[in-house]
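A short write-up of the structure that comes next.
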Amino acid sequence: MTEVLPKEKKQKDEKTLILGQAVVDLLPLLEGESSFETMAPLHPVPGSPLEPLRLSVKNGTLKLGGEREPVPRPKKWPIANILAPGANNIPDAFIIGGPYEEEDGELNRPEDREFRNQAECIKKRIIWDLESRCYLDPPAVVSFQKRIADCRFWPVEITRVPLTIAPKGKAAKFDKADDESQLSFHGVAYVNMVPLLYPGVKRIRGAFHVYPYLDSTVYEKTKCSFSLFRDTGHNLVQNNKIGGINSPLSKPAVSKNVKEDKTVKEKDIEGKPRPGDMQPPSIKSQSSDTPLEVEPPLSHNPEGQQYVEAGTYIVLEIQLDKALVPKRMPEELARRVKEMIPPRPPLTRRTGGAQKAVSDYHMQVKNISRAILDEYHRMFGKQVAKLGSDMDSETLEEQKCQLNYELNCSGKYFAFKEQLKHAVVRIVREKYLKTTSFESQEELQTFISELYVFLVDQMHVALNQTMPDDIQGTVPTIYTSSEQLRLFAFEAEVNENFEMAAVYYEERLVREPQNLEHWLDYGAFCLLTEDNIKAQECFQKALSLNQNHIQSLLLCGVLAVLMENYEQAEIFFEDATCLEPTNVVAWTLLGLYYEIQNNDIRMEMAFHEAFKQLQARMLQAQIMKQRSIGTVEYIEEGGKVEESSLGPWGITNGSSATAIKVEAPADDFLEESSKLQSDSREHIISTQSQDPTISQKPSNILLKEMPVKKETSKCQDSSTVLYPSPYGVSQTPATIFMETIRFLMKVNAVQYVQRVLAHELLCPQGGPSCEYYLVLAQTHLLKKDFAKAEECLQQAAQMDYLNPNVWGVKGHLYFLSGNHAEAKACYERTISFVVDASEMHFIFLRLGQIYLEEKEYEKAKKTYLQACKRSPSCLTWLGLGIACYRLEEFTEAEDALSEANALNNYNAEVWAYLALVSLKAGRQLEAEQAYKYTMKLKLKDETLLAEIHMVQETVGFGNPSF
């Protein structure tokens, strides 16, 4: 294809220009065809106008500074010399801008704010405000994605090409040296294109530093081996001569600007392409995979070095109509979650239940009592009216015998029994949950005895309601709150009594089966005992109660990963990020999942988003702090930000955060942090009580029991572990990984923690902090690797010697390893701090136990009193009762032991000390009853049992078997 140009004056022949070529195969003519039709592509020849041009942004305008560019402002067409002045703007296309923190490029940190404010307002700068558009067909989209995946950074070149007017006549020739000398201040910005491969991402916008163009550096970062400006400079200059590049800046003007003002900013090169070109909108860009043979040194681009000295940057925007990688819609994710976890219908409200069964029993007792009273009046009414108050006991006994005889002979007694039968059956089924046959006759007899006692007590309650003047009312039933049951279960976990802990968790579920927090707590307990299947069931049950609950989604995802159901895990994590895009833990767990899948690009995307949300939250906390104190403070990137949560299942990133001054000492911050965390923990528990139905039996499902010497005064099993606290170890400034570690430690997902700790160690904002070593020490304590745990705690102590959590965990380490002397010293140091450690409950319990072992009963009493005030339980009251008994304060000891028995009447040690108190007080019946339950519950402390026998022999009673 040839273009015939118009013939000019004094020109003999017309001038032609070859535009392109098409190749046609004529073989069909040789094969006998006389004619044929074909379509052949037209290929442009080099230098032809049909050859596709790179995207380039020209005609930058110098702004002298002093005022900020208005936003929004219109974008302009990238067409020069042919548009009327009013036709420059693209309809409905505007530069909107946005906060620096939300940009994808560089210079988006809080400390860059002031620099960018000066550069974009006060200093001189160059603006283009142009938008170039292009189209990508499907094969080009695939090539575009592959190129981004192969090379993350793409070069955007910038240079100065001054306006040059081509001379006329024979003087119009330029040599090559003159052409190349026209290019100056050759720089390049490196744009990270990887975010365009993130699911659903259609836009990149941000500021990017400009560096001097050096072949070796450009090739190393971008795999591009030649420059559009340098290697095609001749064509550029020729285009410039004929008006193709029309820069309004002359060479002296720009040179003066750069030399005199080192803060020139190349700003607002706003591009909005459809996916159409293999390079982003740029000043000039070119890519190739041909390696360089010559590597020019740095001194070959002294002008470009001025960009670095001035801190020059350009603002670019790349926008696609359709994301290269589609993202699952929230509706689709929700549908997939529903398919995996179908919503269960709510439980039908029943008019029955345990309370209804007991009330029906009361009603039947009242009806029968009225019937018996009517029968008594029918038989003896006249006699009673005649004798009145002169009736003696023998007469009453005779009337009783006659009444019983009449009821039996008439069949009314059996009618009354039949009337009560159905009420008793409902109590057995609804109150005691007995619906199957008993395994042995002994079990049946035991149950009948317990049932008989309950029925008699409830009969008295009903009769007292009918005749309140005759007998005083019974003692009201003691009720334990859900928070107390959680504490009791936590105590059982730490004591490795997993069977008893399961009883408390299951009782919470029976009380409130629709409370998803109870299911999450039970699931976390199952993770501790490594029962992943049951844990998954619990988390899925919680999710079925509320499919928008973030923690339930995340935990279902964690269990799916642990059980290698990776497709389900991705759905759970993605749904969590869709429902709550600001959740730091959700994005971090999604990134960890992609790491397991070896998907580096999506992993980077998730971690970047998590960091972005954490920074935004810290900034918001800083603003709230400024508003609360009425002053302006700035927090640097490593500033301290503290969080506190009202409960273990509160929204992780929705908890309140407090910003503090940068210059505040680290020790002061840790004290304040620990104080707030302790307050949020201790205010929950209140003094209530409980009557469990299954005896306490030690179990070692997860960890082997460690032999430790047992003393007479011991109030809890010493073969215990410090499992991760549900409230974390410390609330120091968090990275995205440390915040995720806190979440995982709350739910006992220790298998996940090791992976996240590795990221925390390598994270630029993280590293081996005090909290890092504390968490690592806890993971070693779970494995009973005391040597490694001690090493970690030594590192933590060196970093923060005044952290009470360090000394508390060190105390637990020595306590578990049997070194109670060192444990005592650490615990005493912990409680001497002005602020509390994260978990003071077990520090008081174990310190009190050590005091009892060392016969320091006054100190033990004081310690247990503090524990009872903070979070009362059977163990705290038992320890107080033991201390008072050893101090021969028998009245106080009995009160404390009675409270312990009310909270758990299946603790053999409580019954043992109640027996001792009763023996000392000379109460034979109470002593024998307490001793009976001590033996029935199989007291394991042989020393304590021998002491009881000795006191029994001394006083002469208390053991019915004598």
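Note on naming: chains are A, B, ... as they come in the structure tokens, residues start from 1 per chain, ligands start from 1 in the order shown.
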
Find the spatial neighbours of segment 418-426 of chain A, counting only C-alpha atoms, within a cut-off of 6 Å - ignore same-chain residues fewer than 4 positions away - and output them as a list of chain:residue names.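 The residues satisfying every condition are A:Ala357, A:Tyr361, A:Glu430.
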
For Thr582 of chain A: contacts at 9 Å, only C-alpha atoms, fewer than 4 positions along chain excluded, given as JSON, numbers by chain: {"A": [577, 586, 587, 609, 610, 612, 613, 614, 616, 617, 653, 654]}

Could you save the residues just selected, with C-alpha atoms, as a JSON list (two decimals), in the first residue's frame?
[["chain", "number", "residue", "atom", "x", "y", "z"],
["A", 577, "THR", "CA", -13.12, -9.43, 53.72],
["A", 586, "ALA", "CA", -9.38, -11.07, 57.85],
["A", 587, "TRP", "CA", -7.02, -9.67, 55.20],
["A", 609, "GLU", "CA", -4.67, -4.20, 52.22],
["A", 610, "ALA", "CA", -4.28, -5.36, 55.83],
["A", 612, "LYS", "CA", -3.44, -0.16, 54.77],
["A", 613, "GLN", "CA", -6.41, -0.77, 57.06],
["A", 614, "LEU", "CA", -4.17, -0.90, 60.13],
["A", 616, "ALA", "CA", -6.05, 3.96, 58.66],
["A", 617, "ARG", "CA", -7.16, 2.75, 62.07],
["A", 653, "ASN", "CA", -10.61, -4.05, 64.44],
["A", 654, "GLY", "CA", -13.66, -2.36, 65.88]]

For segment 183-190 of chain A, find every residue with an atom within 7 Å (counting only C-alpha atoms), except residues of its own chain fewer than 6 positions away, and show them as an MDAnalysis selection string. chainID A and resid 153:161 208:213 303:304

Dump all heavy atoms for the selected residues as a compact mmCIF listing (two decimals), in the first residue's frame?
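Heads up, here's the output in out.txt:
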# COMPACT_ATOMS: atom_id res chain seq x y z
N PHE A 153 7.60 -4.25 37.84
CA PHE A 153 7.80 -2.80 37.69
C PHE A 153 7.92 -2.45 36.21
O PHE A 153 8.67 -3.08 35.47
CB PHE A 153 9.05 -2.35 38.44
CG PHE A 153 8.94 -2.47 39.93
CD1 PHE A 153 9.42 -3.57 40.61
CD2 PHE A 153 8.32 -1.47 40.67
CE1 PHE A 153 9.30 -3.68 41.97
CE2 PHE A 153 8.19 -1.57 42.04
CZ PHE A 153 8.68 -2.68 42.70
N TRP A 154 7.18 -1.42 35.81
CA TRP A 154 7.23 -0.93 34.43
C TRP A 154 7.82 0.47 34.43
O TRP A 154 7.49 1.28 35.30
CB TRP A 154 5.83 -0.92 33.83
CG TRP A 154 5.34 -2.29 33.47
CD1 TRP A 154 5.71 -3.47 34.03
CD2 TRP A 154 4.38 -2.62 32.47
NE1 TRP A 154 5.05 -4.51 33.47
CE2 TRP A 154 4.22 -4.03 32.50
CE3 TRP A 154 3.64 -1.88 31.56
CZ2 TRP A 154 3.36 -4.70 31.65
CZ3 TRP A 154 2.77 -2.55 30.70
CH2 TRP A 154 2.63 -3.95 30.74
N PRO A 155 8.67 0.77 33.45
CA PRO A 155 9.32 2.09 33.44
C PRO A 155 8.43 3.15 32.81
O PRO A 155 7.75 2.91 31.81
CB PRO A 155 10.57 1.84 32.60
CG PRO A 155 10.15 0.78 31.64
CD PRO A 155 9.18 -0.11 32.38
N VAL A 156 8.42 4.30 33.41
CA VAL A 156 7.79 5.49 32.84
C VAL A 156 8.89 6.54 32.71
O VAL A 156 9.40 7.04 33.70
CB VAL A 156 6.65 6.01 33.73
CG1 VAL A 156 6.07 7.29 33.15
CG2 VAL A 156 5.57 4.96 33.88
N GLU A 157 9.28 6.82 31.47
CA GLU A 157 10.40 7.72 31.22
C GLU A 157 9.93 9.17 31.14
O GLU A 157 8.81 9.45 30.72
CB GLU A 157 11.10 7.34 29.91
CG GLU A 157 11.73 5.95 29.94
CD GLU A 157 12.45 5.64 28.65
OE1 GLU A 157 13.22 6.51 28.18
OE2 GLU A 157 12.22 4.54 28.10
N ILE A 158 10.81 10.05 31.54
CA ILE A 158 10.54 11.48 31.45
C ILE A 158 11.80 12.18 30.96
O ILE A 158 12.91 11.84 31.40
CB ILE A 158 10.07 12.04 32.80
CG1 ILE A 158 9.73 13.51 32.69
CG2 ILE A 158 11.11 11.80 33.89
CD1 ILE A 158 9.05 14.07 33.93
N THR A 159 11.62 13.11 30.05
CA THR A 159 12.76 13.86 29.53
C THR A 159 12.27 15.21 29.04
O THR A 159 11.05 15.46 28.97
CB THR A 159 13.45 13.11 28.38
OG1 THR A 159 14.66 13.77 28.04
CG2 THR A 159 12.55 13.06 27.15
N ARG A 160 13.21 16.07 28.69
CA ARG A 160 12.87 17.39 28.14
C ARG A 160 13.29 17.42 26.67
O ARG A 160 14.43 17.15 26.33
CB ARG A 160 13.60 18.48 28.91
CG ARG A 160 13.18 19.89 28.47
CD ARG A 160 14.02 20.93 29.17
NE ARG A 160 15.42 20.82 28.75
CZ ARG A 160 16.42 21.42 29.37
NH1 ARG A 160 16.19 22.13 30.45
NH2 ARG A 160 17.67 21.29 28.95
N VAL A 161 12.31 17.69 25.82
CA VAL A 161 12.58 17.85 24.39
C VAL A 161 12.17 19.27 24.02
O VAL A 161 10.98 19.56 23.90
CB VAL A 161 11.79 16.82 23.56
CG1 VAL A 161 12.12 17.00 22.07
CG2 VAL A 161 12.14 15.41 24.01
N PHE A 208 5.08 8.51 42.31
CA PHE A 208 6.22 7.64 42.09
C PHE A 208 7.47 8.50 41.93
O PHE A 208 7.49 9.47 41.16
CB PHE A 208 6.02 6.78 40.84
CG PHE A 208 4.80 5.90 40.90
CD1 PHE A 208 3.57 6.37 40.45
CD2 PHE A 208 4.87 4.63 41.44
CE1 PHE A 208 2.44 5.58 40.51
CE2 PHE A 208 3.75 3.82 41.51
CZ PHE A 208 2.52 4.29 41.05
N HIS A 209 8.52 8.14 42.67
CA HIS A 209 9.79 8.87 42.60
C HIS A 209 10.37 8.78 41.19
O HIS A 209 10.22 7.78 40.49
CB HIS A 209 10.79 8.27 43.58
CG HIS A 209 10.53 8.67 45.01
ND1 HIS A 209 10.69 9.95 45.47
CD2 HIS A 209 10.12 7.94 46.08
CE1 HIS A 209 10.40 10.01 46.76
NE2 HIS A 209 10.03 8.80 47.16
N VAL A 210 11.07 9.84 40.79
CA VAL A 210 11.77 9.87 39.50
C VAL A 210 13.26 9.70 39.78
O VAL A 210 13.83 10.41 40.62
CB VAL A 210 11.51 11.19 38.75
CG1 VAL A 210 12.30 11.21 37.44
CG2 VAL A 210 10.02 11.35 38.47
N TYR A 211 13.87 8.73 39.07
CA TYR A 211 15.29 8.43 39.24
C TYR A 211 16.00 8.69 37.91
O TYR A 211 15.37 8.72 36.84
CB TYR A 211 15.48 6.96 39.65
CG TYR A 211 14.78 6.60 40.92
CD1 TYR A 211 13.50 6.03 40.90
CD2 TYR A 211 15.39 6.81 42.16
CE1 TYR A 211 12.86 5.69 42.07
CE2 TYR A 211 14.76 6.47 43.34
CZ TYR A 211 13.49 5.93 43.29
OH TYR A 211 12.85 5.59 44.46
N PRO A 212 17.31 8.87 37.93
CA PRO A 212 18.03 9.03 36.66
C PRO A 212 17.96 7.75 35.84
O PRO A 212 17.98 6.65 36.38
CB PRO A 212 19.47 9.33 37.12
CG PRO A 212 19.56 8.80 38.51
CD PRO A 212 18.21 8.97 39.11
N TYR A 213 17.83 7.91 34.53
CA TYR A 213 17.74 6.75 33.65
C TYR A 213 19.12 6.14 33.47
O TYR A 213 20.02 6.75 32.88
CB TYR A 213 17.15 7.15 32.30
CG TYR A 213 16.80 5.96 31.44
CD1 TYR A 213 15.50 5.48 31.39
CD2 TYR A 213 17.78 5.30 30.69
CE1 TYR A 213 15.17 4.38 30.62
CE2 TYR A 213 17.47 4.19 29.93
CZ TYR A 213 16.16 3.73 29.89
OH TYR A 213 15.84 2.63 29.14
N GLU A 303 22.43 15.03 34.79
CA GLU A 303 21.20 15.81 34.86
C GLU A 303 20.08 15.01 35.52
O GLU A 303 19.31 15.54 36.32
CB GLU A 303 20.79 16.25 33.45
CG GLU A 303 21.73 17.26 32.82
CD GLU A 303 21.29 17.62 31.41
OE1 GLU A 303 20.63 16.77 30.78
OE2 GLU A 303 21.57 18.74 30.97
N GLY A 304 19.98 13.73 35.16
CA GLY A 304 18.95 12.90 35.77
C GLY A 304 19.13 12.73 37.26
O GLY A 304 18.16 12.54 38.00

Name the residues of segment 467-631 of chain A that come out as helix (DSSP H, G or I) in a backbone DSSP run; write them as a PyMOL selection string. chain A and resi 482-494+498-511+516-528+532-545+550-562+566-579+584-596+600-629

Given the choices A:Ile601, A:Lys63, A:Ala502, A:Val24, which gets closest to Asp150 of chain A if the distance is worked out from only C-alpha atoms?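 Closest candidate: A:Ile601.
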